[in-house]
file protein-v1.tsv (TSV, C-alpha atoms)
chain	number	residue	atom	x	y	z
A	1	MET	CA	0.00	0.00	0.00
A	2	ALA	CA	1.24	3.49	-0.82
A	3	VAL	CA	-0.14	6.88	0.12
A	4	ILE	CA	-0.11	9.67	-2.45
A	5	THR	CA	-0.56	13.20	-1.14
A	6	VAL	CA	-3.19	15.13	-3.08
A	7	GLU	CA	-4.10	18.27	-1.05
A	8	ARG	CA	-6.63	19.59	-3.54
A	9	ASN	CA	-10.02	21.23	-3.28
A	10	ILE	CA	-12.89	19.06	-4.54
A	11	LEU	CA	-14.47	22.10	-6.22
A	12	GLU	CA	-11.19	23.47	-7.63
A	13	LYS	CA	-12.43	23.35	-11.21
A	14	ASN	CA	-15.59	25.29	-10.31
A	15	ASP	CA	-13.59	27.80	-8.30
A	16	GLN	CA	-11.08	28.34	-11.13
A	17	VAL	CA	-13.86	29.05	-13.63
A	18	ALA	CA	-15.66	31.24	-11.06
A	19	ALA	CA	-12.46	33.31	-10.77
A	20	GLN	CA	-12.39	33.66	-14.58
A	21	ASN	CA	-16.04	34.74	-14.58
A	22	ARG	CA	-15.25	37.28	-11.84
A	23	ASP	CA	-12.33	38.66	-13.91
A	24	GLN	CA	-14.63	38.98	-16.91
A	25	PHE	CA	-17.26	40.84	-14.86
A	26	LYS	CA	-14.56	43.25	-13.66
A	27	LEU	CA	-13.24	43.78	-17.17
A	28	LEU	CA	-16.77	44.48	-18.45
A	29	GLU	CA	-17.57	46.54	-15.32
A	30	ILE	CA	-20.76	44.57	-14.75
A	31	PRO	CA	-21.82	43.92	-11.15
A	32	THR	CA	-23.43	40.50	-10.90
A	33	PHE	CA	-25.96	39.37	-8.32
A	34	ASN	CA	-26.63	35.71	-7.58
A	35	LEU	CA	-30.27	35.33	-6.47
A	36	LEU	CA	-30.83	32.35	-4.19
A	37	SER	CA	-33.98	31.00	-2.58
A	38	SER	CA	-36.25	28.02	-2.16
A	39	PRO	CA	-38.74	27.33	-4.98
A	40	GLY	CA	-41.72	29.67	-4.97
A	41	SER	CA	-40.26	32.51	-2.91
A	42	GLY	CA	-40.96	34.92	-5.77
A	43	LYS	CA	-37.51	35.41	-7.33
A	44	THR	CA	-38.84	35.81	-10.87
A	45	THR	CA	-41.75	38.04	-9.82
A	46	LEU	CA	-39.32	40.23	-7.89
A	47	LEU	CA	-37.11	40.45	-11.00
A	48	GLU	CA	-40.12	41.37	-13.14
A	49	LYS	CA	-40.76	44.32	-10.82
A	50	LEU	CA	-37.12	45.33	-10.36
A	51	LEU	CA	-35.97	45.27	-13.99
A	52	PRO	CA	-38.13	48.19	-15.23
A	53	GLU	CA	-36.86	50.30	-12.29
A	54	LEU	CA	-33.26	49.51	-13.22
A	55	LYS	CA	-33.56	50.31	-16.92
A	56	ALA	CA	-30.84	52.96	-16.70
A	57	LEU	CA	-28.33	50.18	-15.96
A	58	ASN	CA	-29.39	48.19	-19.01
A	59	PRO	CA	-29.72	44.91	-17.07
A	60	ALA	CA	-29.43	41.35	-18.35
A	61	VAL	CA	-30.50	38.08	-16.73
A	62	ILE	CA	-29.31	34.47	-16.60
A	63	GLU	CA	-32.10	32.13	-15.52
A	64	GLY	CA	-31.42	28.75	-13.96
A	65	ASP	CA	-34.10	26.08	-13.77
A	66	LEU	CA	-34.32	22.31	-13.68
A	67	HIS	CA	-36.73	22.26	-16.60
A	68	THR	CA	-38.55	24.61	-19.03
A	69	ASN	CA	-37.94	28.14	-20.31
A	70	ARG	CA	-40.90	29.56	-18.44
A	71	ASP	CA	-38.91	32.02	-16.32
A	72	ALA	CA	-36.82	33.23	-19.25
A	73	ASP	CA	-40.02	33.83	-21.24
A	74	ARG	CA	-41.27	36.11	-18.46
A	75	ILE	CA	-38.05	38.15	-18.49
A	76	ASP	CA	-37.98	38.19	-22.30
A	77	ALA	CA	-41.50	39.66	-22.28
A	78	LEU	CA	-40.03	42.72	-20.54
A	79	GLY	CA	-37.56	43.22	-23.39
A	80	VAL	CA	-34.61	42.35	-21.15
A	81	PRO	CA	-31.94	40.06	-22.66
A	82	VAL	CA	-32.03	36.68	-20.97
A	83	ILE	CA	-30.32	33.30	-21.30
A	84	GLN	CA	-32.02	30.27	-19.80
A	85	ILE	CA	-29.83	27.53	-18.35
A	86	VAL	CA	-31.78	24.29	-18.06
A	87	THR	CA	-29.96	21.98	-15.64
A	88	LYS	CA	-32.12	18.94	-16.58
A	89	GLY	CA	-32.58	17.95	-12.96
A	90	GLY	CA	-29.34	19.44	-11.61
A	91	CYS	CA	-30.02	21.13	-8.28
A	92	HIS	CA	-27.71	24.14	-8.65
A	93	LEU	CA	-25.88	26.32	-11.15
A	94	ASP	CA	-22.11	26.05	-11.30
A	95	ALA	CA	-19.44	28.36	-12.67
A	96	MET	CA	-19.09	26.37	-15.92
A	97	LEU	CA	-22.81	26.66	-16.74
A	98	VAL	CA	-22.62	30.41	-16.13
A	99	ARG	CA	-19.51	30.71	-18.32
A	100	ASN	CA	-21.34	28.92	-21.15
A	101	ALA	CA	-24.27	31.31	-20.77
A	102	LEU	CA	-21.94	34.32	-20.78
A	103	GLN	CA	-20.51	33.19	-24.12
A	104	GLN	CA	-24.00	33.51	-25.62
A	105	MET	CA	-24.53	37.06	-24.35
A	106	ASP	CA	-23.31	40.46	-25.51
A	107	LEU	CA	-22.71	42.23	-22.22
A	108	THR	CA	-20.72	45.19	-23.54
A	109	THR	CA	-23.50	47.73	-22.95
A	110	ARG	CA	-24.81	46.11	-19.76
A	111	LYS	CA	-24.20	47.59	-16.33
A	112	LEU	CA	-26.02	44.96	-14.26
A	113	LEU	CA	-26.44	41.18	-14.41
A	114	PHE	CA	-28.75	38.99	-12.37
A	115	ILE	CA	-28.24	35.24	-12.11
A	116	GLU	CA	-31.42	33.59	-10.86
A	117	ASN	CA	-30.20	30.32	-9.38
A	118	VAL	CA	-32.17	27.08	-9.23
A	119	GLY	CA	-34.77	27.25	-6.43
A	120	ASN	CA	-32.98	25.44	-3.61
A	121	LEU	CA	-31.65	26.69	-0.27
A	122	VAL	CA	-28.95	24.02	0.07
A	123	CYS	CA	-26.86	23.06	-2.94
A	124	PRO	CA	-26.31	26.45	-4.67
A	125	ALA	CA	-24.55	27.70	-1.50
A	126	SER	CA	-21.48	25.59	-2.27
A	127	TYR	CA	-20.93	26.90	-5.79
A	128	ASP	CA	-19.20	30.22	-6.40
A	129	LEU	CA	-20.33	31.56	-9.78
A	130	GLY	CA	-18.03	34.58	-9.81
A	131	GLU	CA	-20.83	36.87	-8.65
A	132	PHE	CA	-20.26	40.19	-6.85
A	133	LYS	CA	-22.94	39.59	-4.20
A	134	LYS	CA	-25.21	36.77	-3.09
A	135	VAL	CA	-28.81	37.81	-2.38
A	136	VAL	CA	-31.00	35.32	-0.51
A	137	ILE	CA	-34.77	35.69	-0.77
A	138	ILE	CA	-37.22	34.13	1.67
A	139	SER	CA	-40.96	34.65	1.70
A	140	THR	CA	-43.40	35.03	4.57
A	141	THR	CA	-45.16	31.80	3.61
A	142	GLU	CA	-42.00	29.92	4.60
A	143	GLY	CA	-40.96	29.42	8.23
A	144	ASP	CA	-39.12	32.26	9.96
A	145	ASP	CA	-36.60	29.66	11.14
A	146	LYS	CA	-35.30	29.07	7.58
A	147	PRO	CA	-32.06	30.98	8.30
A	148	ILE	CA	-31.04	28.60	11.08
A	149	LYS	CA	-32.17	25.47	9.19
A	150	TYR	CA	-30.37	26.41	5.98
A	151	ASN	CA	-27.47	28.01	7.80
A	152	THR	CA	-24.77	27.52	5.16
A	153	MET	CA	-26.76	29.52	2.63
A	154	PHE	CA	-27.50	32.35	5.06
A	155	SER	CA	-23.93	32.41	6.36
A	156	LYS	CA	-22.72	33.25	2.84
A	157	ALA	CA	-25.38	35.84	1.93
A	158	ASP	CA	-24.68	39.56	1.50
A	159	LEU	CA	-28.35	40.58	1.64
A	160	CYS	CA	-31.57	38.84	2.67
A	161	ILE	CA	-34.82	40.00	1.10
A	162	ILE	CA	-38.03	38.96	2.84
A	163	ASN	CA	-40.73	38.82	0.15
A	164	LYS	CA	-44.55	38.58	0.26
A	165	THR	CA	-44.98	41.04	3.15
A	166	ASP	CA	-48.53	41.59	1.86
A	167	LEU	CA	-49.34	38.14	3.32
A	168	LEU	CA	-48.01	38.92	6.83
A	169	PRO	CA	-51.52	39.32	8.35
A	170	TYR	CA	-52.39	35.77	7.30
A	171	VAL	CA	-49.23	33.83	8.22
A	172	GLU	CA	-47.19	33.09	11.33
A	173	PHE	CA	-43.97	34.59	9.97
A	174	ASP	CA	-42.15	36.83	12.49
A	175	ILE	CA	-39.68	39.15	10.71
A	176	GLU	CA	-37.73	39.91	13.89
A	177	LYS	CA	-37.36	36.19	14.65
A	178	ALA	CA	-36.09	35.53	11.13
A	179	LYS	CA	-33.50	38.30	11.57
A	180	GLN	CA	-32.37	36.97	14.96
A	181	PHE	CA	-31.92	33.47	13.50
A	182	ALA	CA	-29.99	34.84	10.54
A	183	TRP	CA	-27.72	36.99	12.70
A	184	GLN	CA	-26.70	33.90	14.67
A	185	VAL	CA	-25.09	32.51	11.54
A	186	ASN	CA	-24.27	35.80	9.79
A	187	PRO	CA	-23.98	38.69	12.23
A	188	GLY	CA	-24.91	42.00	10.64
A	189	LEU	CA	-26.57	40.46	7.57
A	190	GLU	CA	-28.57	43.22	5.84
A	191	PHE	CA	-32.34	42.74	5.49
A	192	LEU	CA	-34.90	44.35	3.22
A	193	THR	CA	-38.62	43.58	3.28
A	194	VAL	CA	-40.69	43.74	0.14
A	195	SER	CA	-43.93	42.73	-1.48
A	196	ALA	CA	-43.11	42.04	-5.11
A	197	LYS	CA	-46.86	41.83	-5.71
A	198	THR	CA	-47.89	45.25	-4.34
A	199	GLY	CA	-44.52	46.95	-4.85
A	200	GLU	CA	-44.18	47.86	-1.17
A	201	GLY	CA	-40.51	48.20	-0.20
A	202	LEU	CA	-39.33	47.79	-3.78
A	203	GLU	CA	-37.64	51.20	-3.88
A	204	LEU	CA	-35.23	50.18	-1.11
A	205	VAL	CA	-34.16	47.07	-3.03
A	206	VAL	CA	-33.59	49.24	-6.12
A	207	TYR	CA	-31.59	51.69	-3.98
A	208	TRP	CA	-29.49	48.86	-2.49
A	209	LEU	CA	-28.72	47.41	-5.93
A	210	LYS	CA	-27.72	50.81	-7.36
A	211	GLU	CA	-25.50	51.49	-4.34
A	212	GLN	CA	-23.81	48.11	-4.76
A	213	ALA	CA	-23.38	48.70	-8.49
A	214	ASN	CA	-21.70	52.04	-7.73
A	215	GLN	CA	-19.38	50.40	-5.23
A	216	PHE	CA	-18.48	47.72	-7.75
A	217	ILE	CA	-17.64	50.32	-10.40
A	218	ALA	CA	-15.64	52.31	-7.82
A	219	GLY	CA	-13.50	49.21	-7.43
A	220	LYS	CA	-14.61	48.23	-3.94
A	221	ASN	CA	-14.85	44.61	-4.93
B	1	MET	CA	-28.24	16.22	-4.08
B	2	HIS	CA	-25.16	18.25	-4.99
B	3	GLU	CA	-23.22	15.37	-3.44
B	4	THR	CA	-23.44	13.71	-6.87
B	5	SER	CA	-21.70	16.68	-8.51
B	6	MET	CA	-19.10	16.58	-5.74
B	7	ALA	CA	-18.58	12.85	-6.30
B	8	TYR	CA	-17.99	13.48	-10.02
B	9	ALA	CA	-15.51	16.25	-9.16
B	10	ILE	CA	-13.63	13.84	-6.86
B	11	LEU	CA	-13.67	11.12	-9.54
B	12	ASP	CA	-12.31	13.59	-12.10
B	13	ILE	CA	-9.39	14.59	-9.87
B	14	VAL	CA	-8.43	11.09	-8.68
B	15	SER	CA	-8.81	9.52	-12.15
B	16	LYS	CA	-6.26	11.97	-13.54
B	17	ILE	CA	-3.86	11.19	-10.68
B	18	MET	CA	-4.29	7.43	-11.27
B	19	ASN	CA	-3.39	7.93	-14.94
B	20	ASP	CA	0.09	8.85	-13.68
B	21	HIS	CA	0.35	5.58	-11.75
B	22	PRO	CA	-0.27	2.80	-14.26
B	23	GLY	CA	-0.66	-0.70	-12.81
B	24	LYS	CA	-1.83	0.63	-9.44
B	25	GLN	CA	-5.31	0.16	-7.94
B	26	LEU	CA	-7.00	2.95	-6.01
B	27	THR	CA	-8.29	1.71	-2.66
B	28	LEU	CA	-9.06	4.76	-0.52
B	29	VAL	CA	-9.61	8.50	-0.93
B	30	HIS	CA	-9.08	10.56	2.23
B	31	LEU	CA	-11.36	13.60	2.38
B	32	GLN	CA	-11.77	16.48	4.79
B	33	ILE	CA	-15.27	17.89	4.78
B	34	GLY	CA	-16.08	20.99	6.83
B	35	GLN	CA	-19.29	21.14	8.83
B	36	MET	CA	-20.22	24.39	7.08
B	37	SER	CA	-19.92	22.90	3.61
B	38	ALA	CA	-23.48	21.49	3.61
B	39	VAL	CA	-22.30	18.09	2.40
B	40	VAL	CA	-23.89	14.97	3.88
B	41	PRO	CA	-21.09	12.37	4.19
B	42	GLU	CA	-23.42	9.38	3.73
B	43	LEU	CA	-24.89	10.86	0.55
B	44	LEU	CA	-21.44	11.66	-0.81
B	45	GLN	CA	-20.33	8.10	-0.05
B	46	SER	CA	-23.30	6.50	-1.82
B	47	ALA	CA	-23.07	8.92	-4.77
B	48	TYR	CA	-19.40	7.96	-5.17
B	49	GLU	CA	-20.18	4.24	-4.96
B	50	GLY	CA	-22.82	4.74	-7.63
B	51	ILE	CA	-20.67	6.54	-10.17
B	52	ILE	CA	-17.57	4.30	-9.90
B	53	GLN	CA	-19.44	1.12	-10.78
B	54	ASN	CA	-17.88	-0.65	-13.78
B	55	SER	CA	-14.98	1.81	-13.80
B	56	PRO	CA	-11.28	1.13	-13.06
B	57	LEU	CA	-11.84	2.75	-9.65
B	58	GLU	CA	-14.67	0.36	-8.78
B	59	ASN	CA	-12.99	-1.03	-5.66
B	60	SER	CA	-12.16	2.31	-4.04
B	61	LYS	CA	-13.87	3.93	-1.07
B	62	LEU	CA	-14.07	7.38	0.49
B	63	GLU	CA	-12.76	7.97	4.00
B	64	ILE	CA	-14.45	11.16	5.19
B	65	LYS	CA	-13.18	13.18	8.13
B	66	ILE	CA	-15.58	15.87	9.34
B	67	VAL	CA	-13.92	19.16	10.26
B	68	PRO	CA	-15.72	21.09	13.04
B	69	ILE	CA	-16.28	24.82	12.70
B	70	LYS	CA	-13.70	26.83	14.63
B	71	GLY	CA	-13.40	30.55	15.07
B	72	THR	CA	-11.32	33.26	16.69
B	73	CYS	CA	-12.90	36.22	18.45
B	74	LEU	CA	-11.50	39.47	17.07
B	75	GLN	CA	-12.41	41.28	20.32
B	76	CYS	CA	-10.92	39.03	23.01
B	77	ASN	CA	-8.75	36.68	20.87
B	78	ASN	CA	-10.54	33.64	22.28
B	79	ALA	CA	-10.26	30.62	19.97
B	80	PHE	CA	-13.21	28.26	20.13
B	81	THR	CA	-15.30	25.58	18.42
B	82	LEU	CA	-18.68	26.79	17.19
B	83	GLU	CA	-21.60	24.73	18.36
B	84	GLU	CA	-24.92	24.74	16.53
B	85	PHE	CA	-23.88	27.34	13.97
B	86	VAL	CA	-24.04	30.22	16.45
B	87	PHE	CA	-21.40	32.66	15.25
B	88	SER	CA	-20.68	34.45	18.51
B	89	CYS	CA	-17.83	34.22	21.00
B	90	PRO	CA	-18.78	32.00	23.98
B	91	HIS	CA	-16.39	34.04	26.16
B	92	CYS	CA	-17.40	37.67	25.47
B	93	GLN	CA	-20.51	37.12	23.28
B	94	SER	CA	-19.07	39.32	20.54
B	95	TYR	CA	-20.23	38.63	16.97
B	96	ASP	CA	-16.94	39.97	15.65
B	97	ILE	CA	-15.41	36.60	14.90
B	98	GLN	CA	-13.36	35.05	12.15
B	99	VAL	CA	-14.09	31.50	11.06
B	100	THR	CA	-10.80	29.62	10.87
B	101	GLN	CA	-12.02	26.20	9.75
B	102	GLY	CA	-15.20	24.35	8.77
B	103	ASN	CA	-15.51	25.21	5.07
B	104	GLU	CA	-13.18	22.44	3.88
B	105	LEU	CA	-13.90	20.36	0.78
B	106	HIS	CA	-10.48	18.77	0.48
B	107	ILE	CA	-8.98	15.67	-1.00
B	108	LEU	CA	-6.05	15.08	1.35
B	109	SER	CA	-4.49	11.92	-0.08
B	110	ILE	CA	-5.22	8.63	-1.79
B	111	GLU	CA	-4.12	5.09	-1.03
B	112	VAL	CA	-3.09	2.75	-3.85
B	113	GLU	CA	-1.76	-0.78	-4.09

call {"tool": "encode", "arguments": {"input": "protein-v1.tsv", "output": "structure tokens"}}
result
Amino acid sequence: MAVITVERNILEKNDQVAAQNRDQFKLLEIPTFNLLSSPGSGKTTLLEKLLPELKALNPAVIEGDLHTNRDADRIDALGVPVIQIVTKGGCHLDAMLVRNALQQMDLTTRKLLFIENVGNLVCPASYDLGEFKKVVIISTTEGDDKPIKYNTMFSKADLCIINKTDLLPYVEFDIEKAKQFAWQVNPGLEFLTVSAKTGEGLELVVYWLKEQANQFIAGKN
Amino acid sequence: MHETSMAYAILDIVSKIMNDHPGKQLTLVHLQIGQMSAVVPELLQSAYEGIIQNSPLENSKLEIKIVPIKGTCLQCNNAFTLEEFVFSCPHCQSYDIQVTQGNELHILSIEVE
């Protein structure tokens, strides 16, 4: 029997390509936001409301789903360039899938890119895509203990958006509890509350994104 | 479910190493998996067993060592093991801490014969 030292990261290939994606985003001066959530939290609806407000930044979108082009069709209907990645059952996007999508896009005039990850609060947390910031979205119809149950995801997030606040009178969701749980795993995590349906709170998400985009361009990345 | 992707990534790395050692059989792959990495060891093990069937690596196994989450408090310099994913210092309760281990997804070494 012989032992051969390896000392390598299992996800080294993903991380290498993620670094290349990140370099490309810097070169193109395009801040990229990785949107992460469980299925049905309202990621696509939120995007549908945000994109018209961010027109000045000429945004583009990469959509990730297990099956169908349904989400991409919704973004396309807004006149925003979109590439759909269909993972055919794969539970997360990885840096290689994003690189392939980037090769199909002309990003030269774009100042903002959203990557809507596959709806899943576990697996996408492990895969760096080269994004500038990770934004986790939870909705009030989910439990307010999601941050402590799916702690890896929340520990890596830069912003948490709580969506569907219009349903708060009808559900048990406690916003303060959700924040306390999240701060146990990610002290100081920023929160914004929004109803993508009614538009309440949307302006603060738009403001946050524009601020982040400015910081990215100013080189604070 | 991402354990399957991880298993393929491991297979990719060790297969290339085995190409440099003709005539040798892979028996064991030593891994270090951090508690924060959201990988379930049992699922990774069974995913690996599934994908190596009928391959030259068919008789190999994964040996997985779980790495606990450790941190250092940036206020009082206390070094500690984090229990239950609570990222605060047990000594001074500060949240100003730096995680020093627990994110590992490493292939340490392989055993061949």

call {"tool": "residues_around", "arguments": {"input": "protein-v1.tsv", "residues": "Ala18 of chain A", "least_positions_apart": "2", "cutoff": "9 Å", "atoms": "all atoms listed in the file", "output": "PyMOL selection string"}}
result
chain A and resi 13-16+20-23+94-96+98-99+127-131

call {"tool": "interface_residues", "arguments": {"input": "protein-v1.tsv", "of": "chain B", "to": "chain A", "cutoff": "9 Å", "atoms": "only C-alpha atoms", "output": "PyMOL selection string"}}
result
chain B and resi 1-3+5-7+9-10+13-14+17+27+31+36-39+85-88+95-96+104-113

call {"tool": "closest_residue", "arguments": {"input": "protein-v1.tsv", "among": "A:Pro169, A:Gly201, A:Gly89, A:Gly119", "to": "Leu35 of chain A", "atoms": "all atoms listed in the file"}}
result
A:Gly119

call {"tool": "atom_distance", "arguments": {"input": "protein-v1.tsv", "atom1": "atom CA of Ala47 of chain B", "atom2": "atom CA of Val86 of chain A"}}
result
22.1 Å

call {"tool": "atom_distance", "arguments": {"input": "protein-v1.tsv", "atom1": "atom CA of Asp144 of chain A", "atom2": "atom CA of Val40 of chain B"}}
result
23.8 Å

call {"tool": "atom_distance", "arguments": {"input": "protein-v1.tsv", "atom1": "atom CA of Thr198 of chain A", "atom2": "atom CA of Ala157 of chain A"}}
result
25.2 Å

call {"tool": "closest_residue", "arguments": {"input": "protein-v1.tsv", "among": "B:Asp12, B:Glu83, B:Asp20, B:Glu63", "to": "Gln45 of chain B", "atoms": "all atoms listed in the file"}}
result
B:Glu63

call {"tool": "closest_residue", "arguments": {"input": "protein-v1.tsv", "among": "A:Ile30, A:Val80, A:Ile137, A:Leu209", "to": "Ala178 of chain A", "atoms": "only C-alpha atoms"}}
result
A:Ile137

call {"tool": "closest_residue", "arguments": {"input": "protein-v1.tsv", "among": "A:Glu116, A:Glu203, A:Glu142, A:Asp73", "to": "Leu50 of chain A", "atoms": "all atoms listed in the file"}}
result
A:Glu203

call {"tool": "closest_residue", "arguments": {"input": "protein-v1.tsv", "among": "A:Glu200, A:Asp76, A:Glu63, A:Glu53", "to": "Asn163 of chain A", "atoms": "only C-alpha atoms"}}
result
A:Glu200

call {"tool": "closest_residue", "arguments": {"input": "protein-v1.tsv", "among": "A:Ile85, A:Leu93, A:Asn69, A:Phe33", "to": "Trp208 of chain A", "atoms": "all atoms listed in the file"}}
result
A:Phe33

call {"tool": "residues_around", "arguments": {"input": "protein-v1.tsv", "residues": "Gly71 of chain B", "least_positions_apart": "5", "cutoff": "9 Å", "atoms": "only C-alpha atoms", "output": "PyMOL selection string"}}
result
chain B and resi 78-82+87-89+97-101
